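Undergrad: After the structure tokens below, expect a handful of questions from me.
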There are 4 protein chains.
Amino acid sequence: MSDKNWLDEILMLNDENTMSEKQKKIVAAAIEIFSEKGYASTSTNEIAKKAGVAEGTIFRHYKTKKDLLLSIVAPTLAKVVAPFLAKGFIKEVFEKDHQNYEQFIRTLLLNRYHFVKNHIPMVRIFLQEIAFQPELQSECKKIFTDNVYQSFQKITLHFQNKGEIVKFPPDTVIRMTMTTIIGFLMTRFLILPDQQWDDTIEMEDTIQFLMHGLANDHIEKEHSHIT
Amino acid sequence: MSDKNWLDEILMLNDENTMSEKQKKIVAAAIEIFSEKGYASTSTNEIAKKAGVAEGTIFRHYKTKKDLLLSIVAPTLAKVVAPFLAKGFIKEVFEKDHQNYEQFIRTLLLNRYHFVKNHIPMVRIFLQEIAFQPELQSECKKIFTDNVYQSFQKITLHFQNKGEIVKFPPDTVIRMTMTTIIGFLMTRFLILPDQQWDDTIEMEDTIQFLMHGLANDHIEKEHSHIT
Amino acid sequence: MSDKNWLDEILMLNDENTMSEKQKKIVAAAIEIFSEKGYASTSTNEIAKKAGVAEGTIFRHYKTKKDLLLSIVAPTLAKVVAPFLAKGFIKEVFEKDHQNYEQFIRTLLLNRYHFVKNHIPMVRIFLQEIAFQPELQSECKKIFTDNVYQSFQKITLHFQNKGEIVKFPPDTVIRMTMTTIIGFLMTRFLILPDQQWDDTIEMEDTIQFLMHGLANDHIEKEHSHIT
Amino acid sequence: MSDKNWLDEILMLNDENTMSEKQKKIVAAAIEIFSEKGYASTSTNEIAKKAGVAEGTIFRHYKTKKDLLLSIVAPTLAKVVAPFLAKGFIKEVFEKDHQNYEQFIRTLLLNRYHFVKNHIPMVRIFLQEIAFQPELQSECKKIFTDNVYQSFQKITLHFQNKGEIVKFPPDTVIRMTMTTIIGFLMTRFLILPDQQWDDTIEMEDTIQFLMHGLANDHIEKEHSHIT
DNA sequence: CATGAATGAGCATTCATTCAT
DNA sequence: CATGAATGAATGCTCATTCAT
């Protein structure tokens, strides 16, 4: 099965519009249990019970248990990539003059914040299984490279050339930006979700941290990064 | 069984000096396979084969498969905490005048860099299983709170009071520091280990990013963080 | 789980009407092998083979091997107690004038004779496992105390007061009666089943022995048992 | 291995005089645990631990686990048979004029009473395992037939001819006598050991019951037993 | 003699998957 | 489409037995 077909098929299969009631229940149950106990430690029997369907019903909709997992996790990929694919997104970043890197990461952070907030269990599953499912890894890498990375690089170079952000290698800038955003979101929603959080302040601080960290005032650098 | 006993026991049990040849082989095999396929998807039969011992031998040394896992993962905890426990560590940070936050994170980053570099499989296992093993979670939280966090907070306040770093809430500063370091190490060793890396430059940039991000020149802050 | 529920559940579960073909085969195979080799020395694999089902099928019907054992043995309890629970049984003993202790034990012996004759393997299993299964012991004691013993005591006192049988302590009379009956049945069916037996004569002799042994003509007793 | 050799060897092996300290501990531990949990459910590891020896030590003294069992149970056989083998025993019964059947069973009961009282765990083990160990069964049958049964039959015929006891078939008399004695001892020591027992009275009653049951005053017998 | 690490066959139990209804 | 009984390979774990020390 070619990579493209695999993902498409699953996305189509898991289009919420085409899913029967039972199927939706199965997916909901699977997400919940996978997220709590991990894919490998979850039995189809358990899923069936929680979904209120017969065990056989699961296999009527998904050829194997792993298919069920992928059908859950794969769409996450698409949704993560989505903003970068949104037609106007990059165009807007480039064209609007008043746009700056801060605006970009502010948008990005807010967007990711809402996504993670609304999909915690799915994100948990994704983070766990990306380590062990080669199909997921390659698909993820491909999607990231083809879509996110390219846009991200263009944006980085754009603002580096405008002298707005420091001239680290673009990959490094991307890494720092993503690391800071992901680090915040994971701490916020996965590691310490029960702690008291003032999200507005915390996000503002995170943006300030990122902007200062990447500000183009790194004067005394002994090595100059020219791209 | 009290938490302390549990960890101590396993640490003693897994002291490399007291381990027989076969036991070492078992641990080595387990680390490798757990790291590749995950704990739940690894069979004791597989471990035994790779270790070149009989399956029963595993259970002579470790009462259960989970005991084997914990005996591997638990020491990682101790080693991660180690530098913060070193007697002179904090004292040095405070007393030596030439010491600054940059020096601190530079030491920290280098130290963690070498640790992760030398224990990649164990770190992988740890990151996977911390999500599902409650014993691990609580022990981890306890060790972090009792040791790392306290030191880290003192250091943060120290340099905030010296006016060297920005007056975000200490927890936020700690989060940003850890996030940046861990983000780098994970990208470097787990996510993109095969990419070309110039570690010296990358680490220097990371430190610069962090120092600028936390530098005490956040002027226009609409909300002032006073501790 | 309350004792009552445990037994009831198993009885319901093992109602022959509600059992599938495969389940009946499993029970039949288990009874045979348990009876021959003992519960602990019988493997589920062996049972499955003899029953002509997959090993997994056993565990679809019985959660554990011990559940299978109890589901076989527990109903024996109920059947043993049955005659004492029969509504008319005691009433008849008391009310019909022509009824005497001999009539009572004659009925009892005959009834038990047919039961044991038709359930030899189950009785073997029961006798073996009662020694090691605490659930069985307590349930057995409870059922005996609540049902058999009370009836038996009433009957004994009744005929002692009528002057028909010797005034040993009722418990002693009960013990002698049961011992004699059980002793005969065990010799007949378990210890020497292959010997030539004229059951009619043997049972008649046993009744005579019992009646003479308990007849109220123990004159020279140095200790008088008054209840 | 011929039957005779098997038993002799074990008896010699288990002669308390020739046993080392460790061996005695092993036997003591085995008796205790076998008695509690049954032979099949007891692990050699468990025995070794309770005995305070290494597991290997058990197999230095007993070739297999079953050998250990037989070495424990087999001597019981010899001891049970002992009184019948005592040279003077039968002679005494026959020759002393004042001797009667009552005297005989009184001696028998008292003798067995003390034996069971002092060897409860061994008796438990014996009763459990006689059902499953063919070697034990055949040896037991042989010993009983060759020694006990013959003596018992002679004695029975003797007192039947003297008109002292009823002329049931000798086998029947033997069965009733044994059943009554064994029934008492099992109730007393195995089934209800915790109940309050006045052994003197209980045994006297049991003898009276037995003597009346076998007394030669069964007049109205419709079938005459002439041997 | 005693030890206890090592063995590997065997055990009860679980599980993803199939298929007749 | 949905069911759930049936499957049998696989799993974690136990155990009697061996043997080098």
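Ordering of the structure tokens sets the chain letters (A, B, ...); residue numbers start at 1 within each chain; ligands are numbered from 1 in the order shown.
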Which residues are close to region 4-21 of chain F, i.e. within 9 Å by only C-alpha atoms (C1' of nucleotides), leaving aside same-chain residues fewer than 4 positions away? Reply as a PyMOL selection string.
TA: (chain A and resi 54-56) or (chain B and resi 43-45+56+59+63-65) or (chain C and resi 53-57+60) or (chain D and resi 43-45+56+59+64-65) or (chain E and resi 3+6-7+10-11+13-15+17-18)
Undergrad: If you count only C-alpha atoms (C1' of nucleotides), which residues fall within 12 Å of Gln23 (chain A), apart from same-chain ones fewer than 3 positions away, as a ChimeraX atom specification?
TA: /A:13-20,26-30,47-48,51-62,68,71-72 /F:1-2
Undergrad: Which value, in Å to one decimal, gives the distance between CA of Ala215 (chain D) and CA of Gly213 (chain C)?
TA: 8.5 Å
Undergrad: DSSP on the backbone, then: every residue of region 52-178 of chain B marked helix (DSSP H, G or I), written as a ChimeraX atom specification.
TA: /B:55-61,65-85,87-95,101-118,120-129,134-161,170-178
Undergrad: Return the neighbours of chain D among the residues of chain C, cut-off 6 Å, counting only C-alpha atoms, as a ChimeraX atom specification.
TA: /C:37,40,179,183,209-210,212-213
Undergrad: Print the selection's residues with C-alpha atoms to a file, as a PDB file, in the first residue's frame.
TA:
ATOM      1  CA  LYS C  37      -5.756 -37.038  38.435  1.00  0.00           C
ATOM      2  CA  ALA C  40      -4.086 -29.441  40.650  1.00  0.00           C
ATOM      3  CA  THR C 179     -20.443 -42.359  59.222  1.00  0.00           C
ATOM      4  CA  GLY C 183     -18.605 -45.497  55.037  1.00  0.00           C
ATOM      5  CA  PHE C 209     -26.326 -52.708  61.989  1.00  0.00           C
ATOM      6  CA  LEU C 210     -27.233 -49.092  62.409  1.00  0.00           C
ATOM      7  CA  HIS C 212     -29.167 -52.293  66.475  1.00  0.00           C
ATOM      8  CA  GLY C 213     -26.302 -49.986  67.209  1.00  0.00           C
TER       9      GLY C 213
END
Undergrad: Separation of CA of Asp67 (chain C) and CA of Ile120 (chain C), in Å?
TA: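 Between these atoms lies a distance of 20.6 Å.
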